[in-house]
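Below is one structure; the comments refer to it alone.
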Amino acid sequence: MSAFISATIITHNEARNIERCLNSLIGVADEIIVVDSLSTDATVDICRRYGCLVTSRAFNGYGSQRQYAAGLAHGRYVLSIDADEALSAQLRENIIALKNKGFTHRMYCFRVVSYVCGKAMTGSGMKPALETRLFDRRYANWDLLAVGERLECPGGVVPSLIAGDLLHYRCNNFDELEFKELRNARIRGRLLAAAGIKAPAPMRWLRAASAYMKCQLRDGAILDGEAGRRVARTRFLSTLEAYRAASEMAEGGVKE
């Protein structure tokens, strides 16, 4: 008996990316649930044109938004995908074949490959990695972390591997990469401030420089050419911004 899959997507001003994602879900998802964070572009109109079930909800962190979307699913199995991601042809075929047979595991994982300005990344903290994105929602939930969220599942459950890649197009240009990283840095800043962590200006620069060097050397950004250099630069700027924001919030001068 064929299984029912609910795909969930959280969006905010993703008109440039969303159609690529939605087209990759044709034949895979029986319903597509979009939780939109008050987009001001054509994101919602595009999603509705594809028949998505769209709900507007102010953004309150990635974990909370993903779990809210999963809670709206009608299917037992949820495929969590981002607006700037798309299923590869191989992954599409394998999920469809598995769906037609009926799922036999509670959780499934597959490889995620990141692209920066069209380049597949092999390092820079973005090397291909397995992620669990297809799961029985009765047994797994997203934690409620504002950033760096993870899927929580009962101990001992090992995700079954599906061959194929989930393609993550992180940015179309380097300005977009920097914008996204700085946005997430401000979220991290709120978390640091809430934990009572802040750093004086000299310490911020030291930690930012450390983040840059780790990205270049430990994470292999130096091997990713210009894309890697720009990622490392963005890592420097986002670390600096996170601690700046944390200190500012701790002093009562919050700027959103």
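Naming works like this for the structure tokens: A, B, ... for the chains as they're shown, residue 1 at the start of each chain, ligands 1 onward in shown order.
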
Every residue of stretch 31-249 of chain A that DSSP places in helix (DSSP H, G or I), as number ranges by chain: A: 43-49, 62-71, 89-101, 174-194, 201-218, 221-249

Write out as a PyMOL selection string the residues lying within 8 Å of A:Arg57, counting only C-alpha atoms and excluding same-chain residues fewer than 4 positions away. chain A and resi 35-38

With distances taken over only C-alpha atoms, which of A:Val112, A:Met107, A:Leu79, A:Leu72 is nearest to A:Asp30? A:Leu79

Tell me, in Å to one decimal, how far atom CA of A:Glu152 is from atom CA of A:Arg183.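 That distance, rounded to one decimal, is 24.9 Å.
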
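Comparing A:Cys109, A:Cys171, A:Ala199, A:Leu182 by their smallest distance to A:Val158, the closest is A:Cys109 (using only C-alpha atoms).
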
Contacts of stretch 88-124 of chain A with stretch 129-133 of chain A up to 12 Å, shortest pair per row, only C-alpha atoms, as a Markdown table:
```
| residue | atom | partner | partner_atom | distance |
| --- | --- | --- | --- | --- |
| A:Ile95 | CA | A:Arg133 | CA | 11.7 |
| A:Arg106 | CA | A:Thr132 | CA | 10.6 |
| A:Met107 | CA | A:Thr132 | CA | 6.8 |
| A:Tyr108 | CA | A:Thr132 | CA | 5.6 |
| A:Cys109 | CA | A:Thr132 | CA | 4.0 |
| A:Phe110 | CA | A:Leu130 | CA | 5.3 |
| A:Arg111 | CA | A:Leu130 | CA | 4.3 |
| A:Val112 | CA | A:Ala129 | CA | 5.5 |
| A:Val113 | CA | A:Ala129 | CA | 7.1 |
| A:Ser114 | CA | A:Ala129 | CA | 9.3 |
| A:Met121 | CA | A:Ala129 | CA | 11.1 |
| A:Thr122 | CA | A:Ala129 | CA | 10.2 |
| A:Gly123 | CA | A:Ala129 | CA | 10.8 |
```

Convert the current residue selection to file output with C-alpha atoms, as an mmCIF file, in the first residue's frame.
```cif
data_model
loop_
_atom_site.group_PDB
_atom_site.id
_atom_site.type_symbol
_atom_site.label_atom_id
_atom_site.label_comp_id
_atom_site.auth_asym_id
_atom_site.auth_seq_id
_atom_site.Cartn_x
_atom_site.Cartn_y
_atom_site.Cartn_z
ATOM 1 C CA ILE A 95 11.723 7.996 -2.344
ATOM 2 C CA ARG A 106 10.551 5.228 11.410
ATOM 3 C CA MET A 107 13.242 7.527 10.053
ATOM 4 C CA TYR A 108 15.186 7.933 6.824
ATOM 5 C CA CYS A 109 18.316 9.914 6.018
ATOM 6 C CA PHE A 110 20.091 10.938 2.846
ATOM 7 C CA ARG A 111 23.096 12.997 1.821
ATOM 8 C CA VAL A 112 22.854 16.783 1.727
ATOM 9 C CA VAL A 113 25.168 18.566 -0.715
ATOM 10 C CA SER A 114 25.631 22.323 -0.318
ATOM 11 C CA MET A 121 31.233 22.600 -1.481
ATOM 12 C CA THR A 122 33.653 19.950 -0.254
ATOM 13 C CA GLY A 123 34.740 21.784 2.910
#
```

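Nearest to A:Arg190 of all the residues A:Ala97, A:Ala140, A:Val116, A:Leu145 is A:Leu145, based on only C-alpha atoms.
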
Which polymer residues have any atom within 8 Å of an atom of A:Asp224, counting only C-alpha atoms, with same-chain residues fewer than 2 positions away left out, as a ChimeraX atom specification? /A:121-124,220-222,226-229

Strand (DSSP E or B) call set, DSSP backbone run, stretch 4-251 of chain A, as a PyMOL selection string: chain A and resi 5-11+31-36+53-56+77-80+85-87+107-116+119-120+129-136+141-142+151-152+160-171

Compile the contact shell of A:Ala146 as number ranges by chain: residues with an atom at most 10 Å away, counting only C-alpha atoms, same-chain residues fewer than 6 positions apart removed. A: 59-65, 184, 187-188, 190-191

Writing out the chosen residues with N, CA and C atoms as a PDB file, in the first residue's frame:
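Okay, this is what ended up in again-v5.pdb:
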```
ATOM      1  N   PHE A  59       8.019  34.469  12.597  1.00  0.00           N
ATOM      2  CA  PHE A  59       9.178  33.617  12.865  1.00  0.00           C
ATOM      3  C   PHE A  59       9.592  33.721  14.334  1.00  0.00           C
ATOM      4  N   ASN A  60       9.748  32.542  14.963  1.00  0.00           N
ATOM      5  CA  ASN A  60      10.141  32.504  16.365  1.00  0.00           C
ATOM      6  C   ASN A  60      11.264  31.494  16.577  1.00  0.00           C
ATOM      7  N   GLY A  61      12.091  31.329  15.553  1.00  0.00           N
ATOM      8  CA  GLY A  61      13.175  30.360  15.627  1.00  0.00           C
ATOM      9  C   GLY A  61      12.932  29.188  14.685  1.00  0.00           C
ATOM     10  N   TYR A  62      14.007  28.607  14.175  1.00  0.00           N
ATOM     11  CA  TYR A  62      13.893  27.532  13.193  1.00  0.00           C
ATOM     12  C   TYR A  62      13.247  26.274  13.760  1.00  0.00           C
ATOM     13  N   GLY A  63      13.664  25.867  14.968  1.00  0.00           N
ATOM     14  CA  GLY A  63      13.109  24.646  15.549  1.00  0.00           C
ATOM     15  C   GLY A  63      11.614  24.747  15.765  1.00  0.00           C
ATOM     16  N   SER A  64      11.173  25.857  16.331  1.00  0.00           N
ATOM     17  CA  SER A  64       9.754  26.079  16.577  1.00  0.00           C
ATOM     18  C   SER A  64       8.967  26.091  15.279  1.00  0.00           C
ATOM     19  N   GLN A  65       9.510  26.742  14.259  1.00  0.00           N
ATOM     20  CA  GLN A  65       8.807  26.849  12.978  1.00  0.00           C
ATOM     21  C   GLN A  65       8.691  25.485  12.298  1.00  0.00           C
ATOM     22  N   ASN A 184      21.316  34.972  10.909  1.00  0.00           N
ATOM     23  CA  ASN A 184      21.412  33.884  11.885  1.00  0.00           C
ATOM     24  C   ASN A 184      22.324  34.262  13.052  1.00  0.00           C
ATOM     25  N   ILE A 187      20.368  35.914  15.683  1.00  0.00           N
ATOM     26  CA  ILE A 187      19.619  34.934  16.473  1.00  0.00           C
ATOM     27  C   ILE A 187      20.540  34.306  17.519  1.00  0.00           C
ATOM     28  N   ARG A 188      21.753  33.940  17.096  1.00  0.00           N
ATOM     29  CA  ARG A 188      22.718  33.386  18.051  1.00  0.00           C
ATOM     30  C   ARG A 188      23.055  34.393  19.142  1.00  0.00           C
ATOM     31  N   ARG A 190      21.052  36.547  20.462  1.00  0.00           N
ATOM     32  CA  ARG A 190      19.980  36.522  21.466  1.00  0.00           C
ATOM     33  C   ARG A 190      20.169  35.346  22.421  1.00  0.00           C
ATOM     34  N   LEU A 191      20.598  34.214  21.872  1.00  0.00           N
ATOM     35  CA  LEU A 191      20.822  33.041  22.710  1.00  0.00           C
ATOM     36  C   LEU A 191      22.003  33.254  23.654  1.00  0.00           C
TER      37      LEU A 191
END
```

Which residues are close to stretch 134-139 of chain A, i.e. within 10 Å by only C-alpha atoms, leaving aside same-chain residues fewer than 6 positions away? Reply as number ranges by chain. A: 5-7, 67, 70-71, 73, 75-81, 95, 103, 105-110, 151-154, 157, 159-160, 162

Distance criterion (only C-alpha atoms): nearest to A:Arg150 out of A:Ala232, A:Glu31, A:Asp41, A:Arg66: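 The answer is A:Arg66, which sits nearest to A:Arg150.
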
For A:Arg20, please output as a compact mmCIF listing (two decimals) with C-alpha atoms, in the first residue's frame all residues within 10 Å (counting only C-alpha atoms; exclusion window: fewer than 6 positions along the same chain).
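Output file selection-v2.txt follows:
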```txt
# COMPACT_ATOMS: atom_id res chain seq x y z
CA ALA A 83 12.85 26.45 0.14
CA ASP A 84 16.42 26.65 -1.15
CA GLU A 85 16.75 22.86 -1.40
CA ALA A 86 15.66 20.34 -4.04
CA LEU A 87 15.61 16.57 -4.38
```

Which residue gives the smallest distance to A:Arg235 among A:Gly27, A:Gly51, A:Gly125, A:Gly164, with only C-alpha atoms counted?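 Between A:Gly27, A:Gly51, A:Gly125, A:Gly164, the residue approaching A:Arg235 most closely is A:Gly125.
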